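Inspection log for the structure reproduced underneath, given as structure tokens.
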Amino acid sequence: MHITNIQRGQADAFWKLRLEALKNHPEAFGSSYEEQVHTPMSEVESRINEEPDNYILGAFTEAGELVGMAGFRREQGMKVRHKGMVWGVYVSSKHRGQGIAKMLMQEILRRGKEIEGLRLIQLTVVTANTAAAALYKGLGFVSYGLEKEALMVQGQTYDEEMMSYFLG
């Protein structure tokens with residue numbers, strides 16, 4: 001498995017995987033498949049950045065297939081630049097159980113330690129996703145709150161746990 005930034009030229013593969021995530025696990029993401037499926041590819045490409053503090057990591061097989069992803073972006077405001085956020089963590093179902101999400105998260109944490117002034121990395125996880133929550137806790141994330149009924153999918157509500165990783 002090769003972990004590296006997704007490039008704008010890989011927008012089609014990224015978007016295919018992103019839409020798969022939204023369609024197959026609507027309870028796990030704030031965005032919805034229905035709202036995102038018609039997004040123009042030019043807009044998708046514009047979302048792909050390669051800045052040290054704003055990027056999307058991809059997990060690629062030896063054959064070059066994108067099978068996992070995780071986004072990271074640093075907050076921009078003067079008072080919140082010490083924080084970064086992980087978003088959109090997903091591994092395709094046929095590649096789960098191989099430690100790919102852990103590799104993606106470890107790379108985000110490694111890079112986070114190199115960003116000057118970054119003190120913490122935050123994320124949210126749906127409490128029903130116990131495997132993801134266990135992964136994040138195992139990496140050193142700590143819970144700092146619970147948002148009850150954070151998401152509603154087809155009339156069912158889902159709580160989200162808010163977590164932080166302190167860099168220093």
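Convention: chains lettered A, B, ... in structure tokens order; per-chain residue numbering from 1; ligands numbered from 1 as shown.
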For this session: With a distance cut-off of 9 Å and only C-alpha atoms, select the neighbouring residues of A:Tyr136, excluding the residue or stretch itself and same-chain residues fewer than 3 positions from it, and output the selection as a list in words.
Result: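 Everything that qualifies: Lys102, Met105, Ala131, Ala132, Ala133, Leu139, Gly140, Phe141, Val142, Met163 and Tyr165 of chain A.
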Exercise. So what do you get for atom CA of A:Gly97 versus atom CA of A:Lys148, distance-wise?
Worked result: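 Atom CA of A:Gly97 sits 28.7 Å away from atom CA of A:Lys148.
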For this session: May I ask which of the residues A:Phe29, A:Ser92, A:Met162, A:His82 is the closest one to A:Lys16, counting only C-alpha atoms?
Result: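 Looking only at the distances to A:Lys16, the closest residue turns out to be A:Ser92.
Distances from A:Glu114, A:Glu27, A:Asp12, A:Glu34 to A:Glu65 were compared using only C-alpha atoms, and the smallest one belongs to A:Asp12.
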Problem set entry | Top pick for closest residue to A:Met1, considering A:Ala28, A:Ala128, A:Met85, A:Ile100 and counting only C-alpha atoms | A:Ile100
For this session: Measuring atom to atom with only C-alpha atoms, identify which of A:His25, A:Arg18, A:Arg110, A:Arg119 is nearest to A:Thr39.
Result: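 Of A:His25, A:Arg18, A:Arg110, A:Arg119, the one nearest A:Thr39, counting only C-alpha atoms, is A:Arg18.
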Problem set entry | Residue nearest A:Gln98 among A:Ala134, A:Thr61, A:Tyr158, A:Ser42 (counting only C-alpha atoms) | A:Thr61
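Each of A:Thr124, A:Asn24, A:Thr4, A:Gln36 was checked against A:Ile108 using only C-alpha atoms; the smallest atom-to-atom distance is that of A:Thr4.
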Exercise. Which parts of stretch 79-121 of chain A does DSSP call helix (DSSP H, G or I) when run on the backbone here, written out as a VMD selection string?
Worked result: chain A and resid 93 to 95 100 to 112
Using C-alpha atoms, can you export the residues from the last selection as a short mmCIF file (atom, residue, chain, number, x, y, z; two decimals), in the first residue's frame?
data_model
loop_
_atom_site.label_atom_id
_atom_site.label_comp_id
_atom_site.auth_asym_id
_atom_site.auth_seq_id
_atom_site.Cartn_x
_atom_site.Cartn_y
_atom_site.Cartn_z
CA SER A 93 -15.19 -2.35 1.81
CA LYS A 94 -13.09 -4.95 -0.02
CA HIS A 95 -9.89 -3.44 1.43
CA ILE A 100 -5.26 1.16 5.69
CA ALA A 101 -7.23 3.69 7.75
CA LYS A 102 -4.57 3.45 10.44
CA MET A 103 -1.82 4.12 7.89
CA LEU A 104 -3.72 7.17 6.58
CA MET A 105 -4.25 8.55 10.08
CA GLN A 106 -0.65 7.90 11.12
CA GLU A 107 0.55 9.90 8.10
CA ILE A 108 -1.77 12.78 8.98
CA LEU A 109 -0.44 12.79 12.55
CA ARG A 110 3.16 12.59 11.32
CA ARG A 111 2.63 15.54 8.99
CA GLY A 112 0.75 17.46 11.68
#
For this session: To one decimal in Å, tell me the separation between atom CA of A:Ile48 and atom CA of A:Phe72.
Result: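 Answer for the atom CA of A:Ile48 to atom CA of A:Phe72 separation: 10.8 Å.
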For this session: Extract, using only C-alpha atoms, all DNA, RNA and protein residues at most 9 Å from A:Ala11, discarding same-chain residues fewer than 2 positions from it, and format them as an MDAnalysis selection string.
Result: chainID A and resid 6:9 13:16 41:42 44:45 48
Write the residues you've just listed into a file as a short mmCIF file (atom, residue, chain, number, x, y, z; two decimals), in the first residue's frame, and include all heavy atoms for each of them.
data_model
loop_
_atom_site.label_atom_id
_atom_site.label_comp_id
_atom_site.auth_asym_id
_atom_site.auth_seq_id
_atom_site.Cartn_x
_atom_site.Cartn_y
_atom_site.Cartn_z
N ILE A 6 -3.45 12.82 -2.98
CA ILE A 6 -4.22 12.69 -4.21
C ILE A 6 -3.97 13.96 -5.03
O ILE A 6 -4.00 15.07 -4.49
CB ILE A 6 -5.73 12.51 -3.88
CG1 ILE A 6 -5.94 11.15 -3.19
CG2 ILE A 6 -6.57 12.64 -5.14
CD1 ILE A 6 -7.36 10.92 -2.70
N GLN A 7 -3.72 13.78 -6.31
CA GLN A 7 -3.44 14.89 -7.22
C GLN A 7 -4.72 15.28 -7.96
O GLN A 7 -5.63 14.47 -8.11
CB GLN A 7 -2.38 14.46 -8.25
CG GLN A 7 -1.17 13.76 -7.67
CD GLN A 7 -0.26 14.71 -6.95
OE1 GLN A 7 0.01 15.79 -7.45
NE2 GLN A 7 0.20 14.33 -5.77
N ARG A 8 -4.76 16.49 -8.48
CA ARG A 8 -5.93 16.93 -9.25
C ARG A 8 -6.19 16.03 -10.45
O ARG A 8 -7.32 15.82 -10.84
CB ARG A 8 -5.77 18.39 -9.67
CG ARG A 8 -5.96 19.32 -8.51
CD ARG A 8 -6.10 20.75 -8.90
NE ARG A 8 -6.44 21.51 -7.70
CZ ARG A 8 -6.27 22.79 -7.57
NH1 ARG A 8 -5.77 23.50 -8.57
NH2 ARG A 8 -6.59 23.39 -6.45
N GLY A 9 -5.12 15.49 -11.03
CA GLY A 9 -5.28 14.57 -12.16
C GLY A 9 -5.93 13.25 -11.77
O GLY A 9 -6.31 12.46 -12.64
N ALA A 13 -10.88 9.32 -9.87
CA ALA A 13 -10.78 8.20 -8.93
C ALA A 13 -11.18 8.64 -7.53
O ALA A 13 -11.88 7.91 -6.81
CB ALA A 13 -9.35 7.65 -8.93
N PHE A 14 -10.73 9.84 -7.12
CA PHE A 14 -11.10 10.36 -5.81
C PHE A 14 -12.62 10.49 -5.69
O PHE A 14 -13.22 10.05 -4.71
CB PHE A 14 -10.44 11.72 -5.56
CG PHE A 14 -11.10 12.54 -4.50
CD1 PHE A 14 -11.08 12.14 -3.17
CD2 PHE A 14 -11.79 13.71 -4.82
CE1 PHE A 14 -11.71 12.89 -2.18
CE2 PHE A 14 -12.42 14.46 -3.85
CZ PHE A 14 -12.38 14.04 -2.52
N TRP A 15 -13.25 11.09 -6.71
CA TRP A 15 -14.68 11.35 -6.63
C TRP A 15 -15.48 10.06 -6.64
O TRP A 15 -16.50 9.93 -5.97
CB TRP A 15 -15.11 12.31 -7.72
CG TRP A 15 -16.40 13.00 -7.38
CD1 TRP A 15 -17.55 13.00 -8.09
CD2 TRP A 15 -16.67 13.80 -6.22
NE1 TRP A 15 -18.52 13.73 -7.45
CE2 TRP A 15 -18.00 14.24 -6.30
CE3 TRP A 15 -15.91 14.19 -5.12
CZ2 TRP A 15 -18.59 15.04 -5.32
CZ3 TRP A 15 -16.49 14.98 -4.15
CH2 TRP A 15 -17.83 15.41 -4.26
N LYS A 16 -15.02 9.08 -7.41
CA LYS A 16 -15.70 7.77 -7.43
C LYS A 16 -15.69 7.17 -6.03
O LYS A 16 -16.70 6.67 -5.54
CB LYS A 16 -15.01 6.85 -8.43
CG LYS A 16 -15.63 5.48 -8.52
CD LYS A 16 -14.87 4.61 -9.50
CE LYS A 16 -15.43 3.19 -9.47
NZ LYS A 16 -14.56 2.25 -10.17
N MET A 41 -16.95 18.08 -12.30
CA MET A 41 -15.58 17.62 -12.05
C MET A 41 -14.63 18.80 -11.84
O MET A 41 -13.67 18.69 -11.07
CB MET A 41 -15.09 16.73 -13.19
CG MET A 41 -13.85 15.94 -12.85
SD MET A 41 -13.89 14.97 -11.29
CE MET A 41 -15.30 13.91 -11.54
N SER A 42 -14.91 19.93 -12.45
CA SER A 42 -14.06 21.11 -12.24
C SER A 42 -14.10 21.55 -10.78
O SER A 42 -13.08 21.95 -10.22
CB SER A 42 -14.49 22.26 -13.15
OG SER A 42 -15.84 22.62 -12.89
N VAL A 44 -14.76 19.46 -8.23
CA VAL A 44 -14.05 18.41 -7.50
C VAL A 44 -12.55 18.67 -7.57
O VAL A 44 -11.85 18.62 -6.56
CB VAL A 44 -14.39 17.02 -8.09
CG1 VAL A 44 -13.51 15.94 -7.45
CG2 VAL A 44 -15.86 16.69 -7.91
N GLU A 45 -12.05 18.99 -8.75
CA GLU A 45 -10.62 19.26 -8.93
C GLU A 45 -10.18 20.44 -8.07
O GLU A 45 -9.10 20.41 -7.49
CB GLU A 45 -10.32 19.54 -10.40
CG GLU A 45 -10.42 18.30 -11.27
CD GLU A 45 -10.34 18.60 -12.75
OE1 GLU A 45 -10.22 19.80 -13.14
OE2 GLU A 45 -10.39 17.64 -13.54
N ILE A 48 -9.19 19.69 -4.46
CA ILE A 48 -7.98 18.90 -4.23
C ILE A 48 -6.79 19.84 -4.15
O ILE A 48 -6.42 20.48 -5.13
CB ILE A 48 -7.78 17.84 -5.34
CG1 ILE A 48 -8.97 16.87 -5.35
CG2 ILE A 48 -6.46 17.09 -5.13
CD1 ILE A 48 -8.96 15.89 -6.51
#
Exercise. What is the distance, in Å and to one decimal place, between atom CA of A:Tyr144 and atom CA of A:Glu161?
Worked result: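 Straight-line distance from atom CA of A:Tyr144 to atom CA of A:Glu161 works out to 7.8 Å.
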For this session: Enumerate as a VMD selection string all residues of chain A assigned to strand (DSSP E) by DSSP on the backbone, naming them with the chain letters and numbers the document uses.
Result: chain A and resid 2 to 5 50 to 51 54 to 60 66 to 74 83 to 91 120 to 126 142 to 153 156 to 166
Exercise. A:Gly84: which residues within 10 Å, counting only C-alpha atoms, same-chain residues fewer than 5 positions away excluded, as a list in words?
Worked result: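 Surrounding residues, per the criterion: Asp53, Asn54, Phe72, Arg73, Arg74, Glu75, Gln76, Gly112, Ile115, Leu118, Arg119, Leu120, Ile121, Gln122, Leu123, Ser164 and Tyr165 of chain A.
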